[in-house]
Each structure stands twice: as structure tokens, then as C-alpha cells.
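Everything below concerns the one structure shown next.
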Amino acid sequence: MSAERRTRDLDLEIPDFSQGSYAGTRDTWIRPWRVHRGVLYLEGHAPVRDGAVVHPGRLGRDVTLEQGREAARVAGLNVLAGVRAAVGSLDRVECLIRSLNFVVAAEDFYEVQQVADGMTDLLADVFGPEAGYGCRATIGVQSLVRNLCFETWVEFGLRDGTE
Amino acid sequence: MSAERRTRDLDLEIPDFSQGSYAGTRDTWIRPWRVHRGVLYLEGHAPVRDGAVVHPGRLGRDVTLEQGREAARVAGLNVLAGVRAAVGSLDRVECLIRSLNFVVAAEDFYEVQQVADGMTDLLADVFGPEAGYGCRATIGVQSLVRNLCFETWVEFGLRDGTE
Amino acid sequence: MSAERRTRDLDLEIPDFSQGSYAGTRDTWIRPWRVHRGVLYLEGHAPVRDGAVVHPGRLGRDVTLEQGREAARVAGLNVLAGVRAAVGSLDRVECLIRSLNFVVAAEDFYEVQQVADGMTDLLADVFGPEAGYGCRATIGVQSLVRNLCFETWVEFGLRDGTE
């Protein structure tokens, strides 16, 4: 089962990061991805579409759970774009290893995992039940750049011979 | 020195996760663990015992340092259970690589590391001074799922041939 | 191009951690570093110089952006010291894989990345454009030990044969 084929079956709108990351031109010395010994690491990926932040603000105050989940899904689409930009094709991925997810949260907002579901459910759909389910931790944080409500930090295992 | 033997010497009550993780049945598409190229990654592990959250709340407000440390120790027992469920035996672990620890904290609560000690001291006891001491970072966060006061995100190195 | 040479060209003051980490004597069971299968993991490194915390407090309240960036740079110098203590020389590093950066932030402080630049720009200067640019995520958190304003959690890829 090809992940690339699945993105077509699901009719996903995945941006093209081959000319630079979703955040636009790099203005500082970081990289959107790194491959080392069979692991693909991505920088923090965020709910940004066409340069605009999707649902900025704080869960439990300005942003509803449904909006947060939608933002996380947009971040997930950017993760898929990031994987393609890094290794050429989603089909070079052996598995999602894990994701660490950040949700900007009011101090009494506890549904942080349901927000992150928007991202991890998408990856599960694309990569399937074995490869696409990863370990996860999700934490409510104080703030993120550009008033983002969500960000994800992901690593994938690559197929042998992919380095 | 066997880590499994040590758990018996220390008379530790480690739950059995072979029938599913401490958080009960998976209700979303995540995995409790992943092994890739000699590293065992665990999902976020939390102070939950028999389905109930141990010492929910915020350090520096609802939860004392001693309670926080106790909660972290319970999370550590769950980590041991998670390792067994993943690779069958604690003795397949070569070393604790590192832990990233989350403490739900009031904004003037700085003793986050002493909370995490409850978890890392346990792993040190079980795996011994070389294998059981890992790198650590511990941060005070805004909120966690289910009003948890602590969560840990851990990776272990596995012995050669264990994949 | 040697990273060790670059530290001399840049006239960097890198402390000597060979006799123990920047945080002084270990008072608990953690390690400042771990090498496993070609990856060097460091514990959280912080803006501490000669035992004193540099610019303690909260960004957006007690600590200015410029002070935060300076603190992050001090943490970066400690990271360089930590690499030397772990593997003997900066020249054994193949690449910066990634950094996860924690900034203690007021809830309306969003410039967390510009704080982290103080650390990542330093690593870019030392290791150069290919090896020294890594993936990054930076989050605003509630609190850190000792009222630190910044902490970084870093992993490096090591050259083949370095384990």
C-alpha cells in the first residue's frame, strides 16, 4: 500500500515545499529536516497555509477544540509536504516513530490530546495502521511563535537504504 | 546484573501492559512504543494507576513536591511496564538514553527537576549506575491531559540484535 | 574546516566540563550525555556561567529579547563544552541533528524563536552551514529549574566510527 497513492485517494491538498519550507524563506540558520542513520527528523511544523496562521490563539480561550484539531490537521499536511521535500516521496518512510505535540492552552484546558488527533489521525490515514501509528506526547504550553495554537515535532523511520 | 532481578529485589509493583497500555484501550491512532534501529521509543507515560490519575493538579498550587515526586515514580513504574510490553524483558535494555519530563507548574514553581527525580531515581535503581542514568530535561508546562501533574517521554537504547 | 579551529578564530570562551558539567556536581542520577548508535544526546543545557544563572526570569516580563538571546548564546557555549566533555573534540561531530528549545515566556510573548537564535546562530558559526544548521522547535514554557529563562535539549550526529 503506497502512502503517495493514499494521498491521492484521500484527495489531500499537500503544499509543495520543494522551493522552501511552509514558513517561507529561511531567515535564520535552521534546516527544515535532517536525515541521520535511517531517521528523518523534521523541524517544528505548524498550522500555516499560504503564509497565514490557521486559528491563532489559545485553546480553552480563543480557539475551540474543533478549530484546534483543524489547525493540527493543517500542520499534518505540512508534515507530509516536509517529508516529500526531505526524501522525495512519502513511500520512502518505513514508519512514524513519534511526535511531540505542543498546544497553546489555558491553564484549565486538558483536552490537548484531542487537538493533536487532528495531526496523528491524518498520518494514520496516509501511512496506514502499522506504519502510520506512532508514539505521542502532547503538552499544553504557554506560547508559540506567531501566536500559533499548535506545533508538532516529528521523527520518521526510513526504509533501509534511504539515507 | 539483571534489571528484571533488581525489580524483584526491590519488590516493585509493575503493572502488566501486555493486554494494552496503562491508559486503557487505545481510543485513537497512536502506539505505546516503537522500535527503530536499536532505539526503543515510548509514548508519553503518566502517573496513572488502575485507571486513576495519581495526584492530579498543579505543582506549587494543588500538588506538593512530595506528591509530585510520588506521581513521577508511578509514571516510572509504568515506563517499566511499557518496556516489558514492547520488548518482553527489561534485560533487553542496554541503556536509558534520555527522558524529557513535563511538570504542570505554577509560574513561580522552579523545583521541576526534584519532581522528575521520582522517575529517574527509579530507573537508576532498576538499571544500575551505568545503564540507568540518562540525559534529562524537565520543563514546567501549562497543562496535560486529564489534569495530570507529570508526564515523561523516554527513549532507551537496546542491546545489539534486539529489534 | 575544523569546528575546533573555528572556535579559536571566533575567540569563543568555552568552559571546561571535563571535571563535571556546568551545573556543578551531579546531585542526582542523571548523565550530562549519552552516545548510542552514532547519535550524541545531551541533557538540557542552560545559561549558567561560573555557577550563576544568566538573566533569570520570564521573557516578556523580566527579561528582554536581547537578554534572552544572550542567555541562549551562553547555553550554546555550554553545549559546545558538553560535546567536548562527551566525545573529546567538536571535530567528531558530523552534524547538528536538532534542538528543542524552551523559553520561559509571558503568555503574550511570541518571539520565542528569536531567543533561541542566540544558541543556534552560535552552533551555525562553529560547525558551518551544512553541519551546523539543525532542525529546531522552540516553545514558550511555564517555568524551568532555578528560574532559568532558557534551556536547550540537543542531539548531534557523530562521524562514522565515533561511538
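We label chains A, B, ... in the order they appear in the C-alpha cells, count residues from 1 in each chain, and number ligands from 1 in the order shown.
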Proximal residues of chain C relative to chain B (only C-alpha atoms; 9 Å) as a ChimeraX atom specification: /C:28-37,41-45,102,104,140-148,151-153
Expected answer as a PyMOL selection string: alpha helix (DSSP H) residues in chain B: chain B and resi 3-9+65-87+112-131
Which of chain B DSSP labels strand (DSSP E), written as an mmCIF file with N, CA and C atoms, in the first residue's frame:
data_model
loop_
_atom_site.group_PDB
_atom_site.id
_atom_site.type_symbol
_atom_site.label_atom_id
_atom_site.label_comp_id
_atom_site.auth_asym_id
_atom_site.auth_seq_id
_atom_site.Cartn_x
_atom_site.Cartn_y
_atom_site.Cartn_z
ATOM 1 N N TRP B 33 4.559 2.200 21.898
ATOM 2 C CA TRP B 33 6.013 2.117 21.724
ATOM 3 C C TRP B 33 6.343 1.893 20.253
ATOM 4 N N ARG B 34 7.610 2.135 19.936
ATOM 5 C CA ARG B 34 8.124 1.893 18.596
ATOM 6 C C ARG B 34 9.594 1.550 18.743
ATOM 7 N N VAL B 35 10.051 0.509 18.044
ATOM 8 C CA VAL B 35 11.478 0.200 17.973
ATOM 9 C C VAL B 35 11.963 0.497 16.565
ATOM 10 N N HIS B 36 13.043 1.257 16.456
ATOM 11 C CA HIS B 36 13.650 1.536 15.151
ATOM 12 C C HIS B 36 15.160 1.623 15.312
ATOM 13 N N VAL B 39 16.722 1.587 18.896
ATOM 14 C CA VAL B 39 16.204 2.511 19.906
ATOM 15 C C VAL B 39 14.744 2.169 20.183
ATOM 16 N N LEU B 40 14.416 2.098 21.464
ATOM 17 C CA LEU B 40 13.029 1.911 21.886
ATOM 18 C C LEU B 40 12.465 3.261 22.315
ATOM 19 N N TYR B 41 11.436 3.691 21.621
ATOM 20 C CA TYR B 41 10.761 4.949 21.933
ATOM 21 C C TYR B 41 9.441 4.613 22.617
ATOM 22 N N LEU B 42 9.118 5.328 23.678
ATOM 23 C CA LEU B 42 7.822 5.144 24.335
ATOM 24 C C LEU B 42 6.964 6.393 24.149
ATOM 25 N N VAL B 48 -0.620 7.140 36.243
ATOM 26 C CA VAL B 48 -1.963 6.562 36.262
ATOM 27 C C VAL B 48 -1.842 5.161 36.828
ATOM 28 N N ARG B 49 -2.690 4.835 37.821
ATOM 29 C CA ARG B 49 -2.648 3.503 38.437
ATOM 30 C C ARG B 49 -4.068 2.972 38.493
ATOM 31 N N ALA B 52 -6.753 5.315 37.426
ATOM 32 C CA ALA B 52 -6.959 6.607 38.095
ATOM 33 C C ALA B 52 -5.684 7.448 38.059
ATOM 34 N N VAL B 53 -5.860 8.740 37.884
ATOM 35 C CA VAL B 53 -4.723 9.663 37.897
ATOM 36 C C VAL B 53 -4.223 9.840 39.331
ATOM 37 N N VAL B 93 17.234 -4.053 27.529
ATOM 38 C CA VAL B 93 17.662 -2.648 27.503
ATOM 39 C C VAL B 93 19.168 -2.550 27.718
ATOM 40 N N GLU B 94 19.831 -1.815 26.842
ATOM 41 C CA GLU B 94 21.252 -1.538 27.050
ATOM 42 C C GLU B 94 21.427 -0.322 27.941
ATOM 43 N N CYS B 95 20.619 0.709 27.689
ATOM 44 C CA CYS B 95 20.751 1.928 28.495
ATOM 45 C C CYS B 95 19.511 2.810 28.349
ATOM 46 N N LEU B 96 19.276 3.598 29.367
ATOM 47 C CA LEU B 96 18.375 4.741 29.252
ATOM 48 C C LEU B 96 19.122 5.803 28.459
ATOM 49 N N ILE B 97 18.572 6.224 27.327
ATOM 50 C CA ILE B 97 19.215 7.308 26.585
ATOM 51 C C ILE B 97 18.861 8.642 27.235
ATOM 52 N N ARG B 98 17.585 8.939 27.270
ATOM 53 C CA ARG B 98 17.202 10.222 27.881
ATOM 54 C C ARG B 98 15.717 10.256 28.162
ATOM 55 N N SER B 99 15.352 11.238 28.975
ATOM 56 C CA SER B 99 13.944 11.475 29.273
ATOM 57 C C SER B 99 13.681 12.969 29.174
ATOM 58 N N LEU B 100 12.533 13.274 28.613
ATOM 59 C CA LEU B 100 12.031 14.649 28.625
ATOM 60 C C LEU B 100 10.812 14.620 29.529
ATOM 61 N N ASN B 101 10.829 15.443 30.565
ATOM 62 C CA ASN B 101 9.822 15.364 31.612
ATOM 63 C C ASN B 101 9.002 16.643 31.691
ATOM 64 N N PHE B 102 7.707 16.455 31.832
ATOM 65 C CA PHE B 102 6.782 17.577 31.877
ATOM 66 C C PHE B 102 6.129 17.640 33.249
ATOM 67 N N VAL B 103 6.225 18.798 33.879
ATOM 68 C CA VAL B 103 5.625 19.016 35.183
ATOM 69 C C VAL B 103 4.641 20.177 35.045
ATOM 70 N N VAL B 104 3.383 19.954 35.375
ATOM 71 C CA VAL B 104 2.432 21.063 35.357
ATOM 72 C C VAL B 104 2.728 21.941 36.577
ATOM 73 N N CYS B 135 20.314 11.108 30.059
ATOM 74 C CA CYS B 135 20.217 12.561 29.924
ATOM 75 C C CYS B 135 18.788 12.966 30.254
ATOM 76 N N ARG B 136 18.637 14.179 30.721
ATOM 77 C CA ARG B 136 17.313 14.596 31.146
ATOM 78 C C ARG B 136 17.104 16.074 30.887
ATOM 79 N N ALA B 137 15.888 16.423 30.525
ATOM 80 C CA ALA B 137 15.449 17.821 30.616
ATOM 81 C C ALA B 137 14.058 17.774 31.216
ATOM 82 N N THR B 138 13.749 18.771 32.040
ATOM 83 C CA THR B 138 12.455 18.807 32.714
ATOM 84 C C THR B 138 11.912 20.226 32.633
ATOM 85 N N ILE B 139 10.690 20.327 32.160
ATOM 86 C CA ILE B 139 10.124 21.662 31.964
ATOM 87 C C ILE B 139 8.784 21.803 32.674
ATOM 88 N N GLY B 140 8.552 22.999 33.154
ATOM 89 C CA GLY B 140 7.250 23.325 33.725
ATOM 90 C C GLY B 140 6.292 23.704 32.615
ATOM 91 N N VAL B 141 5.167 22.994 32.516
ATOM 92 C CA VAL B 141 4.234 23.245 31.418
ATOM 93 C C VAL B 141 2.901 23.762 31.950
ATOM 94 N N PHE B 150 2.206 15.276 35.863
ATOM 95 C CA PHE B 150 3.527 14.849 35.366
ATOM 96 C C PHE B 150 3.345 13.910 34.182
ATOM 97 N N GLU B 151 4.307 13.984 33.271
ATOM 98 C CA GLU B 151 4.355 13.011 32.175
ATOM 99 C C GLU B 151 5.804 12.909 31.728
ATOM 100 N N THR B 152 6.196 11.749 31.242
ATOM 101 C CA THR B 152 7.579 11.561 30.798
ATOM 102 C C THR B 152 7.614 10.922 29.417
ATOM 103 N N TRP B 153 8.611 11.316 28.654
ATOM 104 C CA TRP B 153 8.769 10.904 27.257
ATOM 105 C C TRP B 153 10.189 10.355 27.156
ATOM 106 N N VAL B 154 10.311 9.056 26.968
ATOM 107 C CA VAL B 154 11.568 8.376 27.228
ATOM 108 C C VAL B 154 12.025 7.584 26.006
ATOM 109 N N GLU B 155 13.343 7.490 25.832
ATOM 110 C CA GLU B 155 13.886 6.558 24.847
ATOM 111 C C GLU B 155 15.026 5.759 25.456
ATOM 112 N N PHE B 156 15.067 4.473 25.089
ATOM 113 C CA PHE B 156 16.080 3.546 25.583
ATOM 114 C C PHE B 156 16.907 3.009 24.417
ATOM 115 N N GLY B 157 18.182 2.782 24.675
ATOM 116 C CA GLY B 157 18.989 2.014 23.742
ATOM 117 C C GLY B 157 18.795 0.535 24.005
ATOM 118 N N LEU B 158 18.686 -0.244 22.921
ATOM 119 C CA LEU B 158 18.530 -1.694 23.075
ATOM 120 C C LEU B 158 19.849 -2.392 22.786
#
